[in-house]
$ cat data.tsv   # TSV, C-alpha atoms and all ligand atoms
chain	number	residue	atom	x	y	z
G	1	MET	CA	28.51	31.91	-1.63
G	2	THR	CA	29.80	34.40	0.90
G	3	GLY	CA	30.81	33.22	4.35
G	4	ARG	CA	27.62	34.51	5.92
G	5	ALA	CA	25.39	32.90	3.28
G	6	ARG	CA	27.21	29.65	3.79
G	7	THR	CA	26.66	29.58	7.56
G	8	SER	CA	22.97	30.45	7.23
G	9	PHE	CA	22.62	27.73	4.58
G	10	ALA	CA	24.30	25.27	6.91
G	11	LYS	CA	22.01	26.38	9.77
G	12	ALA	CA	18.89	25.98	7.65
G	13	SER	CA	19.98	22.51	6.51
G	14	ALA	CA	20.72	21.41	10.05
G	15	LEU	CA	17.31	22.70	11.17
G	16	ALA	CA	15.52	20.94	8.31
G	17	ILE	CA	17.24	17.62	9.01
G	18	GLY	CA	16.62	18.01	12.74
G	19	LEU	CA	12.92	18.72	12.17
G	20	LEU	CA	12.65	15.75	9.82
G	21	LEU	CA	14.17	13.39	12.37
G	22	PHE	CA	12.05	14.88	15.16
G	23	THR	CA	8.73	14.49	13.31
G	24	ALA	CA	9.65	11.00	12.11
G	25	GLY	CA	10.56	10.09	15.69
G	26	CYS	CA	7.15	11.22	17.01
G	27	ALA	CA	5.44	8.18	15.51
G	28	SER	CA	5.92	5.74	18.36
G	29	ASN	CA	2.45	4.22	18.11
G	30	ALA	CA	1.77	4.15	14.38
G	31	PRO	CA	-0.73	1.40	13.62
G	32	GLN	CA	-1.00	2.49	9.99
G	33	ASP	CA	2.71	2.14	9.25
G	34	VAL	CA	3.00	0.72	5.70
G	35	PHE	CA	6.37	-0.77	6.60
G	36	GLN	CA	4.81	-3.08	9.20
G	37	PRO	CA	2.83	-5.59	7.15
G	38	ALA	CA	1.04	-8.41	8.98
G	39	GLY	CA	-1.22	-10.25	6.52
G	40	PRO	CA	0.20	-12.29	3.62
G	41	GLU	CA	-1.08	-9.82	0.99
G	42	ALA	CA	0.53	-6.87	2.75
G	43	LYS	CA	3.74	-8.87	3.15
G	44	GLN	CA	3.77	-9.56	-0.58
G	45	ILE	CA	3.42	-5.83	-1.26
G	46	ASP	CA	6.19	-5.16	1.25
G	47	THR	CA	8.56	-7.60	-0.48
G	48	LEU	CA	8.04	-5.55	-3.63
G	49	GLN	CA	8.09	-2.09	-2.13
G	50	ARG	CA	11.32	-2.45	-0.16
G	51	PRO	CA	13.70	-3.03	-3.13
G	52	VAL	CA	11.78	-0.48	-5.24
G	53	PHE	CA	12.05	2.05	-2.42
G	54	ALA	CA	15.79	1.28	-2.04
G	55	ILE	CA	16.35	1.85	-5.77
G	56	ALA	CA	14.38	5.10	-5.58
G	57	ILE	CA	16.52	6.28	-2.66
G	58	VAL	CA	19.76	5.53	-4.54
G	59	VAL	CA	18.47	7.31	-7.68
G	60	GLY	CA	17.24	10.22	-5.58
G	61	ILE	CA	20.61	10.64	-3.83
G	62	LEU	CA	22.51	10.39	-7.14
G	63	VAL	CA	20.33	13.06	-8.75
G	64	MET	CA	20.77	15.34	-5.75
G	65	LEU	CA	24.54	14.84	-5.73
G	66	VAL	CA	24.90	15.52	-9.45
G	67	THR	CA	22.74	18.64	-9.07
G	68	LEU	CA	24.88	19.93	-6.20
G	69	VAL	CA	28.12	19.19	-8.05
G	70	VAL	CA	26.88	21.01	-11.15
G	71	ILE	CA	25.68	23.99	-9.12
G	72	ARG	CA	29.06	24.23	-7.43
G	73	LYS	CA	31.26	23.57	-10.45
G	74	PHE	CA	29.53	25.96	-12.84
G	75	ARG	CA	28.65	28.75	-10.45
G	76	LYS	CA	29.68	32.33	-11.20
G	77	ARG	CA	33.12	32.99	-9.72
G	78	LYS	CA	34.42	36.19	-8.13
G	79	ASP	CA	37.09	36.65	-10.79
G	80	ASP	CA	34.56	36.33	-13.67
G	81	ASP	CA	34.02	39.69	-15.30
G	82	GLY	CA	30.38	38.70	-15.71
G	83	ASP	CA	29.97	39.54	-19.38
G	84	GLU	CA	31.35	36.37	-20.83
G	85	PHE	CA	28.70	34.09	-22.38
G	86	PRO	CA	29.06	30.36	-21.51
G	87	ALA	CA	29.96	28.00	-24.35
G	88	GLN	CA	26.74	26.93	-26.15
G	89	VAL	CA	26.47	23.13	-26.33
G	90	HIS	CA	23.84	21.43	-28.51
G	91	GLY	CA	23.27	17.89	-27.44
G	92	ASN	CA	25.59	15.21	-26.25
G	93	PHE	CA	24.87	11.93	-27.97
G	94	LYS	CA	26.52	9.68	-25.41
G	95	ALA	CA	24.95	11.42	-22.42
G	96	GLU	CA	21.48	11.34	-24.00
G	97	ILE	CA	21.69	7.64	-24.81
G	98	ALA	CA	22.88	6.98	-21.26
G	99	TRP	CA	20.10	8.86	-19.55
G	100	THR	CA	17.47	7.29	-21.77
G	101	ILE	CA	18.66	3.72	-21.46
G	102	ALA	CA	19.50	3.67	-17.76
G	103	PRO	CA	15.99	4.63	-16.55
G	104	ALA	CA	14.37	2.34	-19.14
G	105	VAL	CA	16.42	-0.61	-17.88
G	106	LEU	CA	15.64	0.32	-14.29
G	107	LEU	CA	11.91	0.59	-14.95
G	108	ALA	CA	11.87	-2.71	-16.83
G	109	PHE	CA	13.68	-4.27	-13.89
G	110	VAL	CA	11.04	-2.94	-11.46
G	111	ALA	CA	8.13	-3.75	-13.81
G	112	VAL	CA	8.63	-7.52	-13.82
G	113	PRO	CA	8.04	-8.20	-10.10
G	114	THR	CA	5.41	-5.43	-9.98
G	115	VAL	CA	3.27	-7.01	-12.71
G	116	PHE	CA	3.60	-10.45	-11.14
G	117	THR	CA	2.60	-9.11	-7.72
G	118	VAL	CA	-0.38	-7.17	-9.09
G	119	PHE	CA	-1.71	-10.24	-10.90
G	120	ASP	CA	-1.07	-12.47	-7.93
G	121	LEU	CA	-2.94	-10.15	-5.55
G	122	ALA	CA	-5.88	-9.97	-7.97
G	123	GLN	CA	-6.40	-13.74	-7.91
G	124	LYS	CA	-9.80	-15.10	-6.96
G	125	PRO	CA	-10.05	-15.91	-3.26
G	126	PRO	CA	-10.10	-19.65	-2.44
G	127	ALA	CA	-13.44	-21.41	-1.92
G	128	GLU	CA	-13.07	-21.61	1.85
G	129	ALA	CA	-12.79	-17.82	2.10
G	130	LEU	CA	-15.37	-16.03	4.21
G	131	THR	CA	-17.17	-13.39	2.14
G	132	VAL	CA	-18.01	-10.06	3.76
G	133	GLU	CA	-19.78	-7.25	1.95
G	134	VAL	CA	-18.30	-3.87	2.78
G	135	TYR	CA	-20.42	-0.76	2.25
G	136	GLY	CA	-18.88	2.67	2.50
G	137	GLN	CA	-21.07	5.71	3.11
G	138	GLN	CA	-20.60	9.16	4.59
G	139	TRP	CA	-18.91	8.64	7.08
G	140	TRP	CA	-18.80	5.06	8.35
G	141	TRP	CA	-18.40	1.49	7.07
G	142	GLU	CA	-20.99	-1.28	7.24
G	143	TYR	CA	-20.16	-5.02	7.13
G	144	ARG	CA	-22.60	-7.73	6.02
G	145	TYR	CA	-21.43	-11.30	6.42
G	146	ASN	CA	-22.17	-14.26	4.15
G	147	PHE	CA	-21.49	-16.62	7.00
G	148	ASP	CA	-23.25	-19.90	7.59
G	149	VAL	CA	-23.28	-19.51	11.36
G	150	ASP	CA	-24.92	-22.85	12.20
G	151	GLY	CA	-22.94	-24.69	9.50
G	152	ASP	CA	-25.98	-26.39	7.92
G	153	GLY	CA	-24.88	-25.56	4.38
G	154	LYS	CA	-27.16	-22.60	3.74
G	155	ILE	CA	-27.41	-19.07	5.04
G	156	GLU	CA	-30.93	-18.36	6.29
G	157	ASP	CA	-32.35	-14.85	6.67
G	158	ASN	CA	-32.04	-15.03	10.44
G	159	GLU	CA	-28.31	-15.74	10.08
G	160	GLN	CA	-27.54	-12.43	8.43
G	161	ILE	CA	-24.94	-10.54	10.46
G	162	ILE	CA	-24.98	-6.77	9.88
G	163	THR	CA	-22.57	-4.61	11.82
G	164	ALA	CA	-20.61	-1.36	11.57
G	165	ASN	CA	-17.19	0.10	12.44
G	166	ASP	CA	-15.50	-3.11	13.69
G	167	LEU	CA	-14.84	-5.79	11.06
G	168	VAL	CA	-14.53	-8.98	13.09
G	169	ILE	CA	-12.79	-11.84	11.25
G	170	PRO	CA	-11.41	-15.28	12.15
G	171	THR	CA	-7.66	-15.91	11.95
G	172	ASP	CA	-7.94	-19.31	10.28
G	173	ARG	CA	-9.13	-18.44	6.78
G	174	PRO	CA	-8.87	-15.82	4.06
G	175	ILE	CA	-11.55	-13.14	3.94
G	176	ALA	CA	-13.02	-12.13	0.59
G	177	LEU	CA	-14.21	-8.53	0.91
G	178	ARG	CA	-16.67	-7.16	-1.67
G	179	ILE	CA	-16.24	-3.42	-1.46
G	180	MET	CA	-19.13	-1.13	-2.42
G	181	SER	CA	-20.41	2.39	-1.84
G	182	ARG	CA	-23.88	3.80	-1.20
G	183	ASP	CA	-23.09	7.43	-2.02
G	184	VAL	CA	-19.72	8.81	-3.13
G	185	ILE	CA	-16.32	7.21	-3.74
G	186	HIS	CA	-14.53	5.95	-0.63
G	187	SER	CA	-11.48	3.75	-0.25
G	188	TRP	CA	-10.99	0.89	2.19
G	189	TRP	CA	-7.47	0.56	3.57
G	190	ALA	CA	-6.01	-1.36	6.48
G	191	PRO	CA	-2.29	-1.03	5.70
G	192	ALA	CA	-1.14	-4.05	7.72
G	193	LEU	CA	-3.47	-6.31	5.72
G	194	ASN	CA	-3.48	-5.21	2.07
G	195	GLY	CA	-3.35	-2.23	-0.30
G	196	LYS	CA	-6.16	0.30	-0.81
G	197	LYS	CA	-9.34	-0.54	-2.68
G	198	ASP	CA	-11.79	2.09	-3.86
G	199	ALA	CA	-15.50	1.80	-3.05
G	200	VAL	CA	-17.27	3.12	-6.15
G	201	PRO	CA	-21.07	3.51	-6.41
G	202	GLY	CA	-22.54	0.86	-8.72
G	203	ARG	CA	-19.47	-1.37	-8.67
G	204	VAL	CA	-18.20	-4.28	-6.58
G	205	HIS	CA	-14.46	-4.37	-5.96
G	206	PRO	CA	-12.94	-7.53	-4.47
G	207	LEU	CA	-10.16	-7.42	-1.90
G	208	SER	CA	-8.65	-10.35	0.00
G	209	ILE	CA	-7.30	-10.02	3.51
G	210	GLU	CA	-6.11	-12.42	6.17
G	211	ALA	CA	-5.53	-11.68	9.84
G	212	PRO	CA	-2.59	-13.79	11.02
G	213	GLU	CA	-3.15	-12.98	14.70
G	214	ALA	CA	-5.99	-12.35	17.14
G	215	LYS	CA	-5.44	-8.60	17.41
G	216	GLU	CA	-6.65	-5.29	15.99
G	217	TYR	CA	-5.57	-3.84	12.67
G	218	ILE	CA	-6.28	-0.15	12.15
G	219	GLY	CA	-7.07	1.67	8.93
G	220	GLN	CA	-9.17	4.44	7.46
G	221	CYS	CA	-11.00	5.70	4.40
G	222	THR	CA	-8.36	7.00	2.00
G	223	GLU	CA	-10.44	8.66	-0.69
G	224	PHE	CA	-11.58	12.15	0.21
G	225	CYS	CA	-15.33	11.75	0.66
G	226	GLY	CA	-16.46	15.01	2.26
G	227	LEU	CA	-16.85	16.58	5.65
G	228	SER	CA	-15.86	13.77	8.03
G	229	HIS	CA	-13.57	11.85	5.69
G	230	ALA	CA	-10.83	11.87	8.34
G	231	GLU	CA	-13.24	10.34	10.87
G	232	MET	CA	-14.25	7.42	8.69
G	233	ARG	CA	-12.04	4.89	10.34
G	234	ILE	CA	-11.53	1.17	10.03
G	235	LYS	CA	-10.89	-1.40	12.71
G	236	VAL	CA	-10.32	-5.03	11.79
G	237	VAL	CA	-10.57	-7.34	14.80
G	238	GLY	CA	-8.83	-10.68	14.28
G	239	MET	CA	-10.26	-13.48	16.45
G	240	GLU	CA	-9.32	-17.09	17.15
G	241	PRO	CA	-11.71	-19.35	15.19
G	242	ALA	CA	-13.60	-20.50	18.30
G	243	ASP	CA	-14.02	-16.91	19.54
G	244	PHE	CA	-15.19	-15.85	16.11
G	245	GLN	CA	-17.78	-18.64	16.03
G	246	ALA	CA	-19.02	-17.56	19.47
G	247	TRP	CA	-19.14	-13.94	18.35
G	248	ALA	CA	-21.14	-14.87	15.24
G	249	GLU	CA	-23.59	-17.00	17.22
G	250	LYS	CA	-24.25	-14.10	19.57
G	251	GLN	CA	-24.73	-11.73	16.66
G	252	ILE	CA	-27.77	-13.69	15.50
G	253	VAL	CA	-29.43	-14.20	18.86
G	254	PRO	CA	-32.92	-12.72	18.33
G	255	PHE	CA	-33.98	-9.45	19.93
G	256	GLU	CA	-35.17	-9.80	23.50
G	257	ALA	CA	-37.55	-7.25	25.01
G	258	PRO	CA	-35.95	-5.53	28.03
G	259	THR	CA	-37.58	-5.83	31.45
G	260	ASP	CA	-35.84	-3.06	33.38
G	261	LYS	CA	-38.02	0.06	33.78
G	262	GLY	CA	-35.50	2.52	32.35
G	263	ALA	CA	-34.69	0.23	29.43
G	264	LEU	CA	-38.42	-0.11	28.66
G	265	ALA	CA	-38.72	3.66	28.51
G	266	GLY	CA	-35.58	3.88	26.34
G	267	TRP	CA	-37.05	1.28	24.00
G	268	SER	CA	-40.15	3.46	23.52
G	269	THR	CA	-38.05	6.57	22.88
G	270	PHE	CA	-35.99	4.60	20.38
G	271	ALA	CA	-39.11	3.36	18.57
G	272	SER	CA	-40.64	6.82	18.35
G	273	GLN	CA	-37.54	8.98	17.64
G	274	CYS	CA	-34.90	6.85	15.99
G	275	THR	CA	-36.56	4.27	13.77
G	276	SER	CA	-36.95	6.62	10.82
G	277	CYS	CA	-33.25	5.70	10.36
G	278	HIS	CA	-31.96	2.97	12.69
G	279	ARG	CA	-32.82	-0.73	12.62
G	280	ILE	CA	-32.71	-3.39	15.31
G	281	THR	CA	-33.31	-6.71	13.60
G	282	GLY	CA	-36.26	-8.61	14.99
G	283	MET	CA	-37.35	-5.78	17.28
G	284	THR	CA	-40.88	-6.09	18.60
G	285	ASN	CA	-43.24	-3.25	19.44
G	286	PRO	CA	-42.63	-1.49	22.78
G	287	SER	CA	-46.30	-0.50	23.03
G	288	ASP	CA	-46.99	-4.17	23.76
G	289	PRO	CA	-43.76	-5.53	25.33
G	290	LYS	CA	-45.17	-9.04	25.88
G	291	SER	CA	-46.18	-9.53	22.24
G	292	ASP	CA	-43.94	-11.17	19.60
G	293	GLU	CA	-45.31	-8.98	16.86
G	294	LEU	CA	-42.52	-7.28	14.91
G	295	PHE	CA	-42.19	-3.52	14.95
G	296	GLU	CA	-42.99	-1.98	11.59
G	297	TYR	CA	-40.22	0.32	10.48
G	298	PRO	CA	-40.85	3.18	8.09
G	299	ASP	CA	-38.53	3.38	5.06
G	300	VAL	CA	-35.29	5.27	5.57
G	301	VAL	CA	-35.93	8.33	3.40
G	302	ASN	CA	-33.90	10.99	5.17
G	303	GLN	CA	-30.43	9.78	4.31
G	304	VAL	CA	-28.50	10.03	1.02
G	305	SER	CA	-27.00	6.56	1.52
G	306	GLY	CA	-30.35	5.05	2.56
G	307	GLU	CA	-28.68	3.27	5.49
G	308	VAL	CA	-27.46	4.16	8.97
G	309	PRO	CA	-25.67	1.86	11.46
G	310	ASN	CA	-27.69	-1.21	12.39
G	311	LEU	CA	-27.85	-1.27	16.19
G	312	THR	CA	-28.99	-4.89	16.72
G	313	LYS	CA	-25.81	-5.86	18.66
G	314	LEU	CA	-24.45	-2.40	19.32
G	315	MET	CA	-22.70	-3.39	22.55
G	316	ALA	CA	-20.64	-6.11	20.84
G	317	ARG	CA	-18.64	-3.39	19.06
G	318	SER	CA	-15.59	-1.68	20.51
G	319	THR	CA	-16.17	1.62	18.68
G	320	PHE	CA	-18.98	3.81	17.37
G	321	ALA	CA	-19.58	6.70	14.95
G	322	GLY	CA	-17.34	5.42	12.16
G	323	ALA	CA	-14.88	4.13	14.78
G	324	LYS	CA	-14.16	7.74	15.73
G	325	PHE	CA	-14.96	6.98	19.38
G	326	ASN	CA	-14.24	4.02	21.59
G	327	LEU	CA	-17.35	2.39	22.95
G	328	ARG	CA	-15.16	0.12	25.10
G	329	LEU	CA	-12.30	1.98	26.75
G	330	ASN	CA	-8.78	1.16	25.68
G	331	THR	CA	-7.34	-0.09	28.95
G	332	ASP	CA	-5.63	-3.46	29.09
G	333	GLU	CA	-8.27	-4.95	31.41
G	334	CYS	CA	-11.07	-3.87	29.11
G	335	GLU	CA	-9.21	-5.14	26.08
G	336	ALA	CA	-8.93	-8.52	27.79
G	337	LEU	CA	-12.72	-8.69	28.15
G	338	GLY	CA	-12.95	-8.71	24.32
G	339	GLU	CA	-16.33	-8.49	22.66
G	340	ASP	CA	-17.98	-9.74	25.86
G	341	TRP	CA	-17.09	-6.55	27.69
G	342	ALA	CA	-20.65	-5.33	28.06
G	343	ALA	CA	-21.96	-8.61	29.45
G	344	THR	CA	-20.60	-8.09	32.96
G	345	GLU	CA	-21.30	-5.45	35.58
G	346	GLU	CA	-17.57	-4.66	35.94
G	347	GLY	CA	-17.23	-4.31	32.18
G	348	LEU	CA	-20.09	-1.84	32.06
G	349	ARG	CA	-18.77	0.05	35.05
G	350	ASP	CA	-15.07	0.20	34.09
G	351	CYS	CA	-15.00	-0.15	30.33
G	352	PHE	CA	-18.09	1.51	28.89
G	353	ASN	CA	-17.20	4.93	27.47
G	354	ARG	CA	-20.48	6.22	28.86
G	355	GLU	CA	-19.54	9.89	28.88
G	356	GLN	CA	-18.73	10.00	25.17
G	357	PHE	CA	-21.69	7.81	24.30
G	358	GLU	CA	-24.09	10.09	26.16
G	359	ALA	CA	-22.52	13.11	24.51
G	360	TRP	CA	-23.34	11.51	21.18
G	361	LEU	CA	-26.99	11.02	22.12
G	362	ARG	CA	-27.15	14.57	23.52
G	363	ASN	CA	-25.96	16.22	20.32
G	364	ALA	CA	-24.39	13.99	17.67
G	365	PRO	CA	-23.45	16.73	15.15
G	366	ALA	CA	-21.43	18.45	17.90
G	367	GLU	CA	-19.32	15.29	18.33
G	368	LYS	CA	-18.62	14.52	14.68
G	369	ALA	CA	-18.93	16.83	11.70
G	370	MET	CA	-21.98	15.70	9.72
G	371	ASP	CA	-24.53	17.31	7.45
G	372	PRO	CA	-27.93	16.13	8.70
G	373	GLY	CA	-29.99	19.23	7.92
G	374	GLU	CA	-33.49	19.50	9.34
G	375	ALA	CA	-35.38	16.19	9.39
G	376	PRO	CA	-37.02	14.90	7.26
G	377	ASN	CA	-34.42	15.64	4.64
G	378	PRO	CA	-33.51	13.33	1.73
G	379	HIS	CA	-30.13	15.06	1.42
G	380	SER	CA	-29.19	14.27	4.98
G	381	ARG	CA	-25.73	12.86	5.68
G	382	GLY	CA	-25.59	11.96	9.33
G	383	MET	CA	-27.55	12.10	12.55
G	384	ASN	CA	-29.46	15.07	13.94
G	385	ASN	CA	-29.58	16.63	17.36
G	386	PHE	CA	-32.87	15.44	18.87
G	387	ASN	CA	-32.79	17.68	21.96
G	388	LEU	CA	-33.38	14.67	24.19
G	389	THR	CA	-33.78	15.26	27.91
G	390	GLU	CA	-31.22	13.80	30.34
G	391	ASP	CA	-33.84	11.26	31.47
G	392	GLN	CA	-34.43	10.16	27.90
G	393	ILE	CA	-30.68	9.79	27.41
G	394	ASP	CA	-30.35	7.67	30.58
G	395	ASP	CA	-33.23	5.47	29.45
G	396	LEU	CA	-31.80	5.09	25.94
G	397	VAL	CA	-28.45	4.03	27.40
G	398	ALA	CA	-30.22	1.50	29.65
G	399	PHE	CA	-31.95	0.14	26.54
G	400	PHE	CA	-28.79	0.05	24.38
G	401	ILE	CA	-26.94	-1.86	27.10
G	402	THR	CA	-29.36	-4.74	26.51
G	403	LEU	CA	-28.29	-4.96	22.85
G	404	GLN	CA	-25.40	-7.40	23.11
W	1	CU	CU	-14.95	7.81	2.93
$ encode --input "data.tsv" --output "structure tokens" --more "lines below"
Ligand SMILES: [Cu+2]
Amino acid sequence: MTGRARTSFAKASALAIGLLLFTAGCASNAPQDVFQPAGPEAKQIDTLQRPVFAIAIVVGILVMLVTLVVIRKFRKRKDDDGDEFPAQVHGNFKAEIAWTIAPAVLLAFVAVPTVFTVFDLAQKPPAEALTVEVYGQQWWWEYRYNFDVDGDGKIEDNEQIITANDLVIPTDRPIALRIMSRDVIHSWWAPALNGKKDAVPGRVHPLSIEAPEAKEYIGQCTEFCGLSHAEMRIKVVGMEPADFQAWAEKQIVPFEAPTDKGALAGWSTFASQCTSCHRITGMTNPSDPKSDELFEYPDVVNQVSGEVPNLTKLMARSTFAGAKFNLRLNTDECEALGEDWAATEEGLRDCFNREQFEAWLRNAPAEKAMDPGEAPNPHSRGMNNFNLTEDQIDDLVAFFITLQ
């Protein structure tokens, strides 16, 4: 290398290292950091990955060093006349044995704990585990609980909790997820809780998680699944057992007809414009608000997955649209209100992300990339723009606020 080449090489290296440190340093709030496990399964993976990663770093540095030494030692020198052919070497028995055996021993060494960990993580969840069915579809996750809310030993139809975006779980027991897909392959991953698990159409893949603390654990779909793959997020909300029980009991409180004038109008708009896709469990018919007669929903035919988010207890969530948007704002005060945020006037005034929510109702495909096509459309993936008027939007919001 000439002097000038050497300084520019040194400059480029310094820049590369600087950039690396700078970008790595940007991640101050990184909830999907794989080196910050929280649940026991993720901790088990971490115990394995740290030594393996350390070995990989040592091997990587050794290989780099040897490469640099060889490049330097055998480079063309100034005083070479340039025509001389290097000595031709055919094989080196000792070296070949060494570089075959060393990696084999290393891999065997890594394989033993890896195999044990894999088998251990694949064990059946214990009987007291709470089972939750997880359905992935373009581009949001649905959660259906097998939870005996009233504790009478059986799960009745009216105890079925169906929700989307936020997976609420208690901190006192393991959760047995059954991961499925309604359209293409997705992958469910909350790094602080466990490894990834693919959601494959026609199959059920088990995954155990446990939330050690009453806090949020963030994740996302990690199998490319089309347009809004990056906006198919995951939020696991750990709750103290008593809070979880209260949450579950509220989830199954039957639909109550609104009384407020705006909400009544919103209810009618919902029934006429939105029920070709959305469901509110136990909803009665707005054309006769006093009657208990159930509203008759048409089949969902304009959606590839056949399902869209169930809105029965919409306001008990903290996010919407595949957890792309906050429904409850992320301030400390609002966080402290928990899942009850929408039940108080202050909560609705200070915490409800009304602007973003209205924007969604105004023109959903402008807020999140989806492929709804013109309704009715069996190939639809997502929600259309319904060209609602501002009054209709206000009324719909007034109606949705009653769904808590
Ligand atoms: Cu996905």
$ atom_distance --input "data.tsv" --atom1 "atom CA of G:Ala364" --atom2 "atom CA of G:Glu142"
18.8 Å
$ atom_distance --input "data.tsv" --atom1 "atom CA of G:Pro212" --atom2 "atom CA of G:Gly39"
5.9 Å
$ closest_residue --input "data.tsv" --among "G:Arg173, G:Asn387, G:Val59, G:Ser28" --to "G:Trp360" --atoms "all atoms listed in the file"
G:Asn387
$ residues_around --input "data.tsv" --residues "G:Gly373" --least-positions-apart "3" --cutoff "9 Å" --atoms "all atoms listed in the file" --output "PDB file with C-alpha atoms, keeping the file's coordinate frame"
ATOM      1  CA  MET G 370     -21.980  15.700   9.720  1.00  0.00           C
ATOM      2  CA  PRO G 376     -37.020  14.900   7.260  1.00  0.00           C
ATOM      3  CA  ASN G 377     -34.420  15.640   4.640  1.00  0.00           C
ATOM      4  CA  HIS G 379     -30.130  15.060   1.420  1.00  0.00           C
ATOM      5  CA  SER G 380     -29.190  14.270   4.980  1.00  0.00           C
ATOM      6  CA  ARG G 381     -25.730  12.860   5.680  1.00  0.00           C
ATOM      7  CA  GLY G 382     -25.590  11.960   9.330  1.00  0.00           C
ATOM      8  CA  MET G 383     -27.550  12.100  12.550  1.00  0.00           C
ATOM      9  CA  ASN G 384     -29.460  15.070  13.940  1.00  0.00           C
TER      10      ASN G 384
END
$ residues_near_ligand --input "data.tsv" --ligand "ligand CU 1 (chain W)" --cutoff "7 Å" --atoms "only C-alpha atoms and all ligand atoms" --output "count of residues only"
14
$ residues_around --input "data.tsv" --residues "G:Pro286" --least-positions-apart "6" --cutoff "10 Å" --atoms "only C-alpha atoms" --output "number ranges by chain"
G: 257-258, 264-272, 293-295
$ closest_atom_pairs --input "data.tsv" --of "stretch 120-164 of chain G" --to "stretch 190-206 of chain G" --cutoff "12 Å" --atoms "only C-alpha atoms" --output "tab-separated table"
residue	atom	partner	partner_atom	distance
G:Leu121	CA	G:Asn194	CA	9.1
G:Ala122	CA	G:Pro206	CA	8.2
G:Gln123	CA	G:Pro206	CA	9.7
G:Lys124	CA	G:Pro206	CA	8.6
G:Pro125	CA	G:Pro206	CA	8.9
G:Thr131	CA	G:Pro206	CA	9.8
G:Val132	CA	G:Pro206	CA	10.0
G:Glu133	CA	G:Val204	CA	9.2
G:Val134	CA	G:Ala199	CA	8.6
G:Tyr135	CA	G:Ala199	CA	7.7
G:Gly136	CA	G:Ala199	CA	6.6
G:Gln137	CA	G:Ala199	CA	9.2
G:Gln138	CA	G:Ala199	CA	11.8
G:Trp141	CA	G:Ala199	CA	10.5
$ residues_around --input "data.tsv" --residues "stretch 103-116 of chain G" --least-positions-apart "5" --cutoff "12 Å" --atoms "all atoms listed in the file" --output "list in words"
Gln44, Ile45, Asp46, Thr47, Leu48, Gln49, Arg50, Pro51, Val52, Phe53, Ala54, Ile55, Ala56, Val58, Val59, Glu96, Ile97, Ala98, Leu121, Ala122 and Gln123 of chain G
$ write_last_selection --input "data.tsv" --atoms "C-alpha atoms" --output "short mmCIF file (atom, residue, chain, number, x, y, z; two decimals), in the frame of the given file"
data_model
loop_
_atom_site.label_atom_id
_atom_site.label_comp_id
_atom_site.auth_asym_id
_atom_site.auth_seq_id
_atom_site.Cartn_x
_atom_site.Cartn_y
_atom_site.Cartn_z
CA GLN G 44 3.77 -9.56 -0.58
CA ILE G 45 3.42 -5.83 -1.26
CA ASP G 46 6.19 -5.16 1.25
CA THR G 47 8.56 -7.60 -0.48
CA LEU G 48 8.04 -5.55 -3.63
CA GLN G 49 8.09 -2.09 -2.13
CA ARG G 50 11.32 -2.45 -0.16
CA PRO G 51 13.70 -3.03 -3.13
CA VAL G 52 11.78 -0.48 -5.24
CA PHE G 53 12.05 2.05 -2.42
CA ALA G 54 15.79 1.28 -2.04
CA ILE G 55 16.35 1.85 -5.77
CA ALA G 56 14.38 5.10 -5.58
CA VAL G 58 19.76 5.53 -4.54
CA VAL G 59 18.47 7.31 -7.68
CA GLU G 96 21.48 11.34 -24.00
CA ILE G 97 21.69 7.64 -24.81
CA ALA G 98 22.88 6.98 -21.26
CA LEU G 121 -2.94 -10.15 -5.55
CA ALA G 122 -5.88 -9.97 -7.97
CA GLN G 123 -6.40 -13.74 -7.91
#
$ closest_residue --input "data.tsv" --among "G:Met315, G:Val149, G:Ala38, G:Ala343" --to "G:Ala248" --atoms "only C-alpha atoms"
G:Val149
$ closest_residue --input "data.tsv" --among "G:Ile101, G:Gly238, G:Pro309, G:Asn92" --to "G:Arg144" --atoms "only C-alpha atoms"
G:Pro309
$ closest_residue --input "data.tsv" --among "G:Ala30, G:Val253, G:Ile17, G:Val168" --to "G:Lys313" --atoms "all atoms listed in the file"
G:Val253
$ closest_residue --input "data.tsv" --among "G:Ile280, G:Ala12, G:Val69, G:Met64" --to "G:Thr312" --atoms "all atoms listed in the file"
G:Ile280
$ residues_around --input "data.tsv" --residues "G:Ile175" --least-positions-apart "2" --cutoff "6 Å" --atoms "only C-alpha atoms" --output "MDAnalysis selection string"
chainID G and resid 129:131 208:210
$ residues_near_point --input "data.tsv" --point "(-17.1, 10.9, 27.5)" --cutoff "12 Å" --atoms "only C-alpha atoms" --output "compact mmCIF listing (two decimals) with C-alpha atoms, in the frame of the given file"
# COMPACT_ATOMS: atom_id res chain seq x y z
CA PHE G 325 -14.96 6.98 19.38
CA ASN G 326 -14.24 4.02 21.59
CA LEU G 327 -17.35 2.39 22.95
CA ARG G 328 -15.16 0.12 25.10
CA LEU G 329 -12.30 1.98 26.75
CA CYS G 351 -15.00 -0.15 30.33
CA PHE G 352 -18.09 1.51 28.89
CA ASN G 353 -17.20 4.93 27.47
CA ARG G 354 -20.48 6.22 28.86
CA GLU G 355 -19.54 9.89 28.88
CA GLN G 356 -18.73 10.00 25.17
CA PHE G 357 -21.69 7.81 24.30
CA GLU G 358 -24.09 10.09 26.16
CA ALA G 359 -22.52 13.11 24.51
CA TRP G 360 -23.34 11.51 21.18
CA LEU G 361 -26.99 11.02 22.12
CA ARG G 362 -27.15 14.57 23.52
CA GLU G 367 -19.32 15.29 18.33
$ closest_residue --input "data.tsv" --among "G:Gln303, G:Ser228, G:Thr284, G:Asn158" --to "G:Gln251" --atoms "all atoms listed in the file"
G:Asn158
